[in-house]
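Undergrad: What follows is a single structure, and I will ask about it in a moment.
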Amino acid sequence: MKKVRAFIISFSAFSVLWFLYFPIVIIMWFSFNKDSVSSFPIAHYSMDWYVKLFHNQSMMQAVRVSFFIAISSTIAALIIGIPSAYALHKYNYFGKSLLLKIILLPITLPGIVTGVAMLSFFPMLGIPLSLEAVLIGHTTFLIAIMITQILARFKKLDPYLEMAAFDLGASPLQAFFKVILPNIKTAIIGAVLLSLVLSMDEIPVTFFLISRENTLPIEIYGMMRRGITPEVNAVATLVFLVSSTAIFMSLKFNKEQ
Amino acid sequence: MSKLELKGISKSFGSSLIVNNLDLEIQDGEFLTILGPSGCGKTTTLRMIAGFETPDKGQVLLNNQDISQLPPYKRNVNTVFQNYALFPHLNVEENIAFGLHQKKLSKSETNKRVDEMLELVQMEAFKTRKPFEMSGGQQQRVAIARAIAPDPEILLLDEPLGALDLKLRKQMQFELKQLHKDLNKTFVYVTHDQEEALTMSDRIAVMNQGIIEQLSDSQTLYNLPKTKFVAGFIGEANLILVQIENQKSFSFEAKTYEFEHKNIDKQGVLFIRPENVSFDAISEIAMKVTIEDVIFVGNHRKYKLVTASGQKIIKTEDSSVALTKIIGQSVTIYLSPNLIQIYNS
Amino acid sequence: MKKRSKYLLIFPLLLWLFLFLVLPYLFILTQSILATDDFGKVVYTLNFDSYIKIFTNPLYYETLTRTFIYAIIVALACIVLSLPLAYFIAFKVTKHKSFYYTLIVLPFWMSYIVRAYAWKIILGEQGVLNSFFMYSGVIKKPLSFILYSDFSVLLCLIYIFLPFVCIPIYTSFEQISKSLVEASKDLGANSWTTFRKIIFPLILPGVISGGTLALVLTLGDFLAASLLGGPNTLFISNIVQNLFGTSNDKPLGSAVGVVLLVLVFLLLEISSRYEKKHETQ
């Protein structure tokens with residue numbers, strides 16, 4: 001009886017795990033299929049779709065655009081996020097809990113609403129639909145990621161460390177760079193990796209702010225709307241490999257300390 | 001010469017007054033301990049000396065200069081923190097050198113000073129270890145070395161032994177005392193552990209509710225506590241309710257005893273340590289009691305005594321003295337006038 | 001000095017959030033009560049037609065209710081699938097626990113579009129599933145109804161949001177002290193009673209917060225329906241998408257967006273109240 005129950009639990013657990021990973025395995029497997037129809041069984045294996053992918057001009061351009069957006073919005077989010085996280089940790093402000101809620105809005109509210117809100121309002125600020133608009137949109141939700149990740153590390157940091165630095169003669173700026181920054185470094189690296197991955201994957205906000213040049217997920221979205229091209233299998237496999245490496249690394253950095 | 005003086009300092013957090021118009025003068029080279037229960041304001045006082053808090057009122061004078069408004073990094077005072085606060089990303093050597101770098105010492109001077117410090121706390125072998133690779137006691141030594149390295153005028157220690165186990169604590173107490181002697185520096189030590197305070201300090205300031213109740217050396221503090229709070233806080237004490245007619249005498253269970261004191265209330269509290277309660281007729285102050293219980297506690301034995309009106313008195317004696325009394329026996333105890341105090345109740 | 005840095009450090013964040021987040025949200029709030037002229041251009045006159053339309057035209061309120069029901073189905077399915085997996089990793093795995101944990105966290109961060117695409121090649125008429133069944137002789141003709149239907153959209157959403165539900169449930173399983181389970185058994189409860197009376201009440205906050213997340217995410221999703229849905233598959237967010245795109249009625253689109261926001265806020269509020277109540281108990 002006990003054995004049967006244990007078997008049922010582990011069987012269903014492994015079935016769910018299989019459900020989580022089976023589609024990914026399928027994509028990777030079929031990316032090596034020579035045929036353009038993803039049917040079982042695979043008759044011939046080849047690297048054709050990978051070769052085609054690298055010759056697809058608009059796809060390659062989309063990859064470049066995605067990298068540009070991801071890197072620049074991550075940098076912008078860092079510049080705004082680190083000092084704010086430090087200040088939010090250290091000081092009390094009037095309306096601080098409301099501010100923390102507002103910071104999180106772009107990741108708690110449906111992306112589509114944020115997207116159409118920005119779409120409607122950005123032109124009034126003189127920002128047309130463009131990569132700049134996408135960059136601002138991405139930065140806004142990456143700030144939420146940065147601040148939550150870094151704030152979480154600050155909460156774990158021994159508050160006496162900064163005091164000890166002051167006590168030994170370090171000014172607030174010296175204490176920040178010599179003591180605080182080295183101790184939140186891994187959280188920052190982790191947050192940067194997550195930000196890059198999230199920005200590279202983002203669709204709902206990008207969808208509404210983009211003009212002519214597509215980011216990678218929007219390009220894939222377009223291809224999917226047109227029908228199945230096994231090129232997507234190849235690009236999906238690559239995206240999966242790159243992003244899971246980044247995520248593995250970020251999980252590792254977050255676990256440290 | 002480094003003289004530290006606190007003049008009428010007060011500090012409140014929100015509506016609660018934590019330090020209340022406190023005066024304290026600390027002599028050059030002194031080992032002074034601020035002792036008190038948690039929440040008495042001792043740590044806040046220390047933090048005002050270090051510069052982590054600014055007093056609402058009053059002055060902190062170092063060599064007659066008011067430093068109360070200076071930030072901590074502009075004060076020549078260093079702290080050993082309760083949880084050590086060693087920088088986790090730096091090794092032992094770099095931790096000790098931190099304050100020296102801030103002082104812009106040359107590389108060779110820094111190295112020399114770091115080595116001196118490592119030798120002083122006997123941690124030469126741990127020079128390249130990271131804090132998390134060391135035991136609590138070892139981290140403690142590094143924290144002390146780091147605080148002493150910049151040669152502060154005053155070393156502040158905030159319950160530095162609180163996190164160590166009993167045996168290590170005893171050893172570190174001894175080492176700190178030795179260090180104080182060798183360095184000839186002013187130590188201001190904060191603790192809630194009375195035994196630690198009694199064994200290490202030149203003088204002890206007992207704090208309660210933001211004020212200093214008594215400032216004196218260990219022996220005076222123990223034998224002649226000035227207030228009822230100090231009597232109750234340090235060691236074991238018998239506090240016996242007595243009646244007061246004038247300042248020349250007191251009465252207890254219808255008997256009047258001659259004793260000069262300063263109390264004016266109708267009711268008073270008589271203080272005597274359990275070990276000073278005697279079965280021998282050493283004084284005129286004698287009381288009839290019954291032995292309720294005798295308990296063997298290793299090196300001493302404890303008598304639980306009760307008076308005719310039901311007040312409890314504890315007497316201890318060395319267990320090497322032969323036991324001649326039995327439970328239920330009526331006996332007379334004698335209290336030496338040099339060893340009693342009377343407070344307002 | 002201290003005061004100045006206190007405000008200086010936070011100022012860029014405040015400015016950024018105000019310009020690029022708070023104002024846009026306030027703007028669609030305003031836009032939802034404006035009118036359009038004959039060419040679909042927004043004109044600045046006060047007008048509540050959009051809200052009236054949402055609650056009188058079946059296209060809007062029916063889609064809203066249907067999306068909500070679908071969202072509940074997705075949330076429940078995610079919870080049901082999460083329970084055995086989370087329980088297994090929290091209580092049964094002894095070796096390589098962090099590896100298993102990574103296995104449920106990894107898909108959480110994985111590309112949405114790639115994962116949605118996978119179902120397209122699995123469920124398609126000439127897809128992996130059909131060709132596998134034909135190859136193995138279970139069916140003669142490919143089944144066509146599984147892709148481009150409400151079913152495929154729901155399956156995809158369950159698949160994508162499963163990690164969002166599984167992680168909080170796992171976390172609450174993990175927080176249960178093993179001695180509680182032992183105490184329950186010591187007092188004579190069998191495994192099922194222990195689960196029902198001890199474990200389940202303790203993981204309920206995790207179940208609620210994970211379920212709410214799946215609910216909210218489904219309400220805001222327009223991609224799955226547009227990629228895997230059939231011609232009649234319409235989620236509330238697709239309506240928003242259309243109104244800001246081809247249909248070009250921004251006030252109405254804003255109004256639907258606002259209704260969606262209010263719904264999401266309500267759900268999050270209820271769930272967080274519930275969790276807070278449980279924390280204090």
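Labeling convention for the structure tokens: chains A, B, ... as they appear, residues from 1 per chain, ligands from 1 in order of appearance.
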Please check the contacts: residues of chain A at most 8 Å away from chain C, using only C-alpha atoms, listed as a VMD selection string.
TA: chain A and resid 9 to 10 12 to 14 16 to 17 19 to 20 23 to 24 26 to 27 37 to 41 80 to 81 83 to 84 87 to 88 91 102 to 103 106 109 to 114 116 to 118 120 to 122 136 to 137 140 197 to 198 201 217 220 to 221 224 to 225 228 236 239 to 240 243 to 244 247 to 248
Undergrad: I'd like the neighbourhood of Leu238 (chain A) as a list of chain:residue names, where a residue qualifies if any of its atoms comes within 10 Å (using only C-alpha atoms), though same-chain residues fewer than 4 positions away should be ignored.
TA: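 The neighbour list is A:Met28, A:Ser31, A:Tyr50, A:Val232, A:Asn233, A:Ala234, A:Val242, A:Ser243, A:Ser244.
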Undergrad: Each residue of chain B with at least one atom at most 6 Å from chain A should appear once, together with its nearest atom pair and the corresponding distance in Å (one decimal); atoms considered: only C-alpha atoms; ordering: chain, then increasing residue number; output as JSON lines.
TA:
```
{"residue": "B:Pro72", "atom": "CA", "partner": "A:Asp167", "partner_atom": "CA", "distance": 5.3}
{"residue": "B:Tyr73", "atom": "CA", "partner": "A:Gly169", "partner_atom": "CA", "distance": 3.9}
{"residue": "B:Asn78", "atom": "CA", "partner": "A:Asp167", "partner_atom": "CA", "distance": 5.7}
{"residue": "B:Ala85", "atom": "CA", "partner": "A:Leu161", "partner_atom": "CA", "distance": 5.2}
{"residue": "B:Gly99", "atom": "CA", "partner": "A:Leu168", "partner_atom": "CA", "distance": 4.6}
{"residue": "B:Gln102", "atom": "CA", "partner": "A:Gly169", "partner_atom": "CA", "distance": 5.6}
```
Undergrad: Print the selection's residues with C-alpha atoms to a file, as an mmCIF file, in the first residue's frame.
TA:
```
data_model
loop_
_atom_site.group_PDB
_atom_site.id
_atom_site.type_symbol
_atom_site.label_atom_id
_atom_site.label_comp_id
_atom_site.auth_asym_id
_atom_site.auth_seq_id
_atom_site.Cartn_x
_atom_site.Cartn_y
_atom_site.Cartn_z
ATOM 1 C CA PRO B 72 32.065 58.584 12.514
ATOM 2 C CA TYR B 73 34.733 58.673 9.798
ATOM 3 C CA ASN B 78 37.190 52.815 16.639
ATOM 4 C CA ALA B 85 31.149 43.158 11.111
ATOM 5 C CA GLY B 99 41.429 51.709 8.327
ATOM 6 C CA GLN B 102 41.743 55.376 4.877
#
```
Undergrad: Would you list, as a PyMOL selection string, the residues of region 91-247 of chain C that end up in alpha helix (DSSP H) under DSSP run on this structure's backbone?
TA: chain C and resi 97-105+112-123+128-135+150-175+178-186+191-194+200-219+223-228+236-244
Undergrad: By how many Å are CA of Lys53 (chain C) and CA of Ala255 (chain C) apart?
TA: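 Taking CA of Lys53 (chain C) as the start and CA of Ala255 (chain C) as the end point, the length is 9.6 Å.
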Undergrad: Could you pull out the residues in region 185-312 of chain B that DSSP calls strand (DSSP E or B) from the backbone, as number ranges by chain?
TA: B: 186-191, 203-208, 211-216, 238-246, 249-252, 255-258, 267-272, 277-278, 285-297, 300-307, 312
Undergrad: Can you tell me which residues surround Gly230 (chain C) at a distance of at most 8 Å, considering only C-alpha atoms, apart from same-chain residues fewer than 2 positions away, and format the answer as a PyMOL selection string?
TA: chain C and resi 147-150+225+228+232-233
Undergrad: Hey, what's within 12 Å of region 312-327 of chain B if we count only C-alpha atoms and toss same-chain stuff fewer than 4 positions away? As a PDB file with N, CA and C atoms, in the first residue's frame, please?
TA:
```
ATOM      1  N   GLU B 236      23.708  38.233  43.746  1.00  0.00           N
ATOM      2  CA  GLU B 236      22.501  37.889  44.490  1.00  0.00           C
ATOM      3  C   GLU B 236      22.404  38.809  45.678  1.00  0.00           C
ATOM      4  N   ALA B 237      21.212  39.261  46.006  1.00  0.00           N
ATOM      5  CA  ALA B 237      21.067  40.172  47.126  1.00  0.00           C
ATOM      6  C   ALA B 237      19.835  39.829  47.933  1.00  0.00           C
ATOM      7  N   ASN B 238      19.948  39.976  49.259  1.00  0.00           N
ATOM      8  CA  ASN B 238      18.758  39.942  50.096  1.00  0.00           C
ATOM      9  C   ASN B 238      18.247  41.350  50.219  1.00  0.00           C
ATOM     10  N   LEU B 239      16.972  41.558  49.928  1.00  0.00           N
ATOM     11  CA  LEU B 239      16.370  42.876  50.088  1.00  0.00           C
ATOM     12  C   LEU B 239      15.234  42.708  51.097  1.00  0.00           C
ATOM     13  N   ILE B 240      15.473  43.210  52.339  1.00  0.00           N
ATOM     14  CA  ILE B 240      14.548  42.949  53.446  1.00  0.00           C
ATOM     15  C   ILE B 240      13.802  44.244  53.780  1.00  0.00           C
ATOM     16  N   LEU B 241      12.475  44.147  53.846  1.00  0.00           N
ATOM     17  CA  LEU B 241      11.674  45.331  54.160  1.00  0.00           C
ATOM     18  C   LEU B 241      11.833  45.698  55.634  1.00  0.00           C
ATOM     19  N   LEU B 270      16.444  46.874  53.307  1.00  0.00           N
ATOM     20  CA  LEU B 270      17.777  46.594  53.801  1.00  0.00           C
ATOM     21  C   LEU B 270      18.452  45.607  52.854  1.00  0.00           C
ATOM     22  N   PHE B 271      19.688  45.948  52.484  1.00  0.00           N
ATOM     23  CA  PHE B 271      20.422  45.104  51.540  1.00  0.00           C
ATOM     24  C   PHE B 271      21.568  44.395  52.234  1.00  0.00           C
ATOM     25  N   ILE B 272      21.713  43.117  51.965  1.00  0.00           N
ATOM     26  CA  ILE B 272      22.918  42.390  52.369  1.00  0.00           C
ATOM     27  C   ILE B 272      23.143  41.210  51.429  1.00  0.00           C
ATOM     28  N   ARG B 273      24.404  40.962  51.074  1.00  0.00           N
ATOM     29  CA  ARG B 273      24.723  39.817  50.212  1.00  0.00           C
ATOM     30  C   ARG B 273      24.527  38.521  50.999  1.00  0.00           C
ATOM     31  N   PRO B 274      24.092  37.445  50.371  1.00  0.00           N
ATOM     32  CA  PRO B 274      23.876  36.164  51.061  1.00  0.00           C
ATOM     33  C   PRO B 274      25.129  35.672  51.784  1.00  0.00           C
ATOM     34  N   GLU B 275      26.317  35.898  51.171  1.00  0.00           N
ATOM     35  CA  GLU B 275      27.540  35.389  51.798  1.00  0.00           C
ATOM     36  C   GLU B 275      27.946  36.200  53.027  1.00  0.00           C
ATOM     37  N   ASN B 276      27.328  37.382  53.210  1.00  0.00           N
ATOM     38  CA  ASN B 276      27.664  38.206  54.365  1.00  0.00           C
ATOM     39  C   ASN B 276      26.721  37.988  55.543  1.00  0.00           C
ATOM     40  N   VAL B 277      25.694  37.180  55.315  1.00  0.00           N
ATOM     41  CA  VAL B 277      24.796  36.819  56.425  1.00  0.00           C
ATOM     42  C   VAL B 277      25.543  35.796  57.272  1.00  0.00           C
ATOM     43  N   SER B 278      25.644  36.064  58.571  1.00  0.00           N
ATOM     44  CA  SER B 278      26.498  35.200  59.405  1.00  0.00           C
ATOM     45  C   SER B 278      25.712  34.521  60.521  1.00  0.00           C
ATOM     46  N   PHE B 279      26.113  33.298  60.868  1.00  0.00           N
ATOM     47  CA  PHE B 279      25.549  32.599  62.034  1.00  0.00           C
ATOM     48  C   PHE B 279      26.336  32.960  63.290  1.00  0.00           C
ATOM     49  N   MET B 287      18.906  38.760  63.995  1.00  0.00           N
ATOM     50  CA  MET B 287      17.509  38.444  63.672  1.00  0.00           C
ATOM     51  C   MET B 287      17.249  36.982  63.896  1.00  0.00           C
ATOM     52  N   LYS B 288      16.016  36.685  64.380  1.00  0.00           N
ATOM     53  CA  LYS B 288      15.611  35.285  64.574  1.00  0.00           C
ATOM     54  C   LYS B 288      14.982  34.769  63.281  1.00  0.00           C
ATOM     55  N   VAL B 289      15.500  33.621  62.825  1.00  0.00           N
ATOM     56  CA  VAL B 289      14.934  33.031  61.598  1.00  0.00           C
ATOM     57  C   VAL B 289      14.804  31.526  61.744  1.00  0.00           C
ATOM     58  N   THR B 290      14.031  30.919  60.837  1.00  0.00           N
ATOM     59  CA  THR B 290      13.891  29.459  60.812  1.00  0.00           C
ATOM     60  C   THR B 290      14.505  28.949  59.506  1.00  0.00           C
ATOM     61  N   ILE B 291      15.181  27.813  59.558  1.00  0.00           N
ATOM     62  CA  ILE B 291      15.763  27.242  58.341  1.00  0.00           C
ATOM     63  C   ILE B 291      14.692  26.453  57.607  1.00  0.00           C
ATOM     64  N   GLU B 292      14.396  26.923  56.400  1.00  0.00           N
ATOM     65  CA  GLU B 292      13.364  26.257  55.597  1.00  0.00           C
ATOM     66  C   GLU B 292      13.944  25.124  54.773  1.00  0.00           C
ATOM     67  N   ASP B 293      15.164  25.373  54.281  1.00  0.00           N
ATOM     68  CA  ASP B 293      15.764  24.397  53.375  1.00  0.00           C
ATOM     69  C   ASP B 293      17.269  24.637  53.325  1.00  0.00           C
ATOM     70  N   VAL B 294      18.008  23.570  53.049  1.00  0.00           N
ATOM     71  CA  VAL B 294      19.441  23.704  52.816  1.00  0.00           C
ATOM     72  C   VAL B 294      19.756  23.016  51.489  1.00  0.00           C
ATOM     73  N   ILE B 295      20.380  23.765  50.601  1.00  0.00           N
ATOM     74  CA  ILE B 295      20.637  23.208  49.265  1.00  0.00           C
ATOM     75  C   ILE B 295      22.134  23.186  48.999  1.00  0.00           C
ATOM     76  N   PHE B 296      22.594  22.056  48.532  1.00  0.00           N
ATOM     77  CA  PHE B 296      24.015  21.918  48.200  1.00  0.00           C
ATOM     78  C   PHE B 296      24.228  22.367  46.755  1.00  0.00           C
ATOM     79  N   VAL B 297      25.100  23.369  46.542  1.00  0.00           N
ATOM     80  CA  VAL B 297      25.328  23.895  45.181  1.00  0.00           C
ATOM     81  C   VAL B 297      26.816  23.805  44.847  1.00  0.00           C
ATOM     82  N   GLY B 298      27.401  22.635  44.917  1.00  0.00           N
ATOM     83  CA  GLY B 298      28.818  22.502  44.566  1.00  0.00           C
ATOM     84  C   GLY B 298      29.715  23.118  45.615  1.00  0.00           C
ATOM     85  N   ASN B 299      30.393  24.221  45.239  1.00  0.00           N
ATOM     86  CA  ASN B 299      31.376  24.788  46.158  1.00  0.00           C
ATOM     87  C   ASN B 299      30.764  25.551  47.336  1.00  0.00           C
ATOM     88  N   HIS B 300      29.460  25.811  47.274  1.00  0.00           N
ATOM     89  CA  HIS B 300      28.850  26.425  48.465  1.00  0.00           C
ATOM     90  C   HIS B 300      27.501  25.792  48.763  1.00  0.00           C
ATOM     91  N   ARG B 301      26.997  26.105  49.956  1.00  0.00           N
ATOM     92  CA  ARG B 301      25.635  25.644  50.252  1.00  0.00           C
ATOM     93  C   ARG B 301      24.764  26.843  50.566  1.00  0.00           C
ATOM     94  N   LYS B 302      23.487  26.655  50.288  1.00  0.00           N
ATOM     95  CA  LYS B 302      22.552  27.777  50.349  1.00  0.00           C
ATOM     96  C   LYS B 302      21.495  27.467  51.393  1.00  0.00           C
ATOM     97  N   TYR B 303      21.308  28.389  52.340  1.00  0.00           N
ATOM     98  CA  TYR B 303      20.251  28.228  53.336  1.00  0.00           C
ATOM     99  C   TYR B 303      19.078  29.108  52.934  1.00  0.00           C
ATOM    100  N   LYS B 304      17.898  28.518  52.904  1.00  0.00           N
ATOM    101  CA  LYS B 304      16.698  29.338  52.716  1.00  0.00           C
ATOM    102  C   LYS B 304      16.117  29.571  54.095  1.00  0.00           C
ATOM    103  N   LEU B 305      16.135  30.875  54.479  1.00  0.00           N
ATOM    104  CA  LEU B 305      15.695  31.219  55.818  1.00  0.00           C
ATOM    105  C   LEU B 305      14.405  32.014  55.734  1.00  0.00           C
ATOM    106  N   VAL B 306      13.598  31.924  56.811  1.00  0.00           N
ATOM    107  CA  VAL B 306      12.362  32.709  56.819  1.00  0.00           C
ATOM    108  C   VAL B 306      12.206  33.356  58.194  1.00  0.00           C
ATOM    109  N   THR B 307      11.814  34.645  58.190  1.00  0.00           N
ATOM    110  CA  THR B 307      11.675  35.363  59.460  1.00  0.00           C
ATOM    111  C   THR B 307      10.274  35.138  60.008  1.00  0.00           C
ATOM    112  N   ALA B 308      10.057  35.632  61.231  1.00  0.00           N
ATOM    113  CA  ALA B 308       8.758  35.438  61.885  1.00  0.00           C
ATOM    114  C   ALA B 308       7.632  36.047  61.052  1.00  0.00           C
ATOM    115  N   VAL B 331      17.324  29.678  64.279  1.00  0.00           N
ATOM    116  CA  VAL B 331      18.692  30.169  64.488  1.00  0.00           C
ATOM    117  C   VAL B 331      18.679  31.693  64.524  1.00  0.00           C
ATOM    118  N   THR B 332      19.799  32.280  64.902  1.00  0.00           N
ATOM    119  CA  THR B 332      19.938  33.738  64.872  1.00  0.00           C
ATOM    120  C   THR B 332      20.982  34.086  63.821  1.00  0.00           C
ATOM    121  N   ILE B 333      20.655  35.086  62.988  1.00  0.00           N
ATOM    122  CA  ILE B 333      21.664  35.530  62.019  1.00  0.00           C
ATOM    123  C   ILE B 333      22.140  36.928  62.408  1.00  0.00           C
ATOM    124  N   TYR B 334      23.362  37.221  62.022  1.00  0.00           N
ATOM    125  CA  TYR B 334      23.971  38.511  62.382  1.00  0.00           C
ATOM    126  C   TYR B 334      24.410  39.231  61.112  1.00  0.00           C
ATOM    127  N   LEU B 335      24.076  40.531  61.036  1.00  0.00           N
ATOM    128  CA  LEU B 335      24.407  41.329  59.847  1.00  0.00           C
ATOM    129  C   LEU B 335      25.408  42.411  60.232  1.00  0.00           C
TER     130      LEU B 335
END
```
Undergrad: Separation of CA of Leu168 (chain B) and CA of Met200 (chain B), in Å?
TA: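 Distance between the two atoms: 15.0 Å.
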Undergrad: When you draw a straight line from CA of Asp49 (chain C) to CA of Tyr61 (chain C), how long is it in Å?
TA: 14.4 Å
Undergrad: If we count only C-alpha atoms, what is near His261 (chain B) at a cut-off of 10 Å, once residues fewer than 6 positions away on the same chain are taken out, given as an mmCIF file with C-alpha atoms, in the first residue's frame?
TA:
```cif
data_model
loop_
_atom_site.group_PDB
_atom_site.id
_atom_site.type_symbol
_atom_site.label_atom_id
_atom_site.label_comp_id
_atom_site.auth_asym_id
_atom_site.auth_seq_id
_atom_site.Cartn_x
_atom_site.Cartn_y
_atom_site.Cartn_z
ATOM 1 C CA ILE B 244 12.332 53.643 59.520
ATOM 2 C CA ASN B 246 14.862 58.358 61.946
ATOM 3 C CA GLN B 247 18.189 58.439 60.188
ATOM 4 C CA LYS B 248 20.002 56.846 63.069
ATOM 5 C CA SER B 249 18.122 53.561 63.227
ATOM 6 C CA PHE B 250 15.670 51.161 61.616
ATOM 7 C CA GLN B 341 22.762 49.389 53.022
ATOM 8 C CA ILE B 342 19.277 50.851 53.359
ATOM 9 C CA TYR B 343 17.395 52.202 50.367
#
```
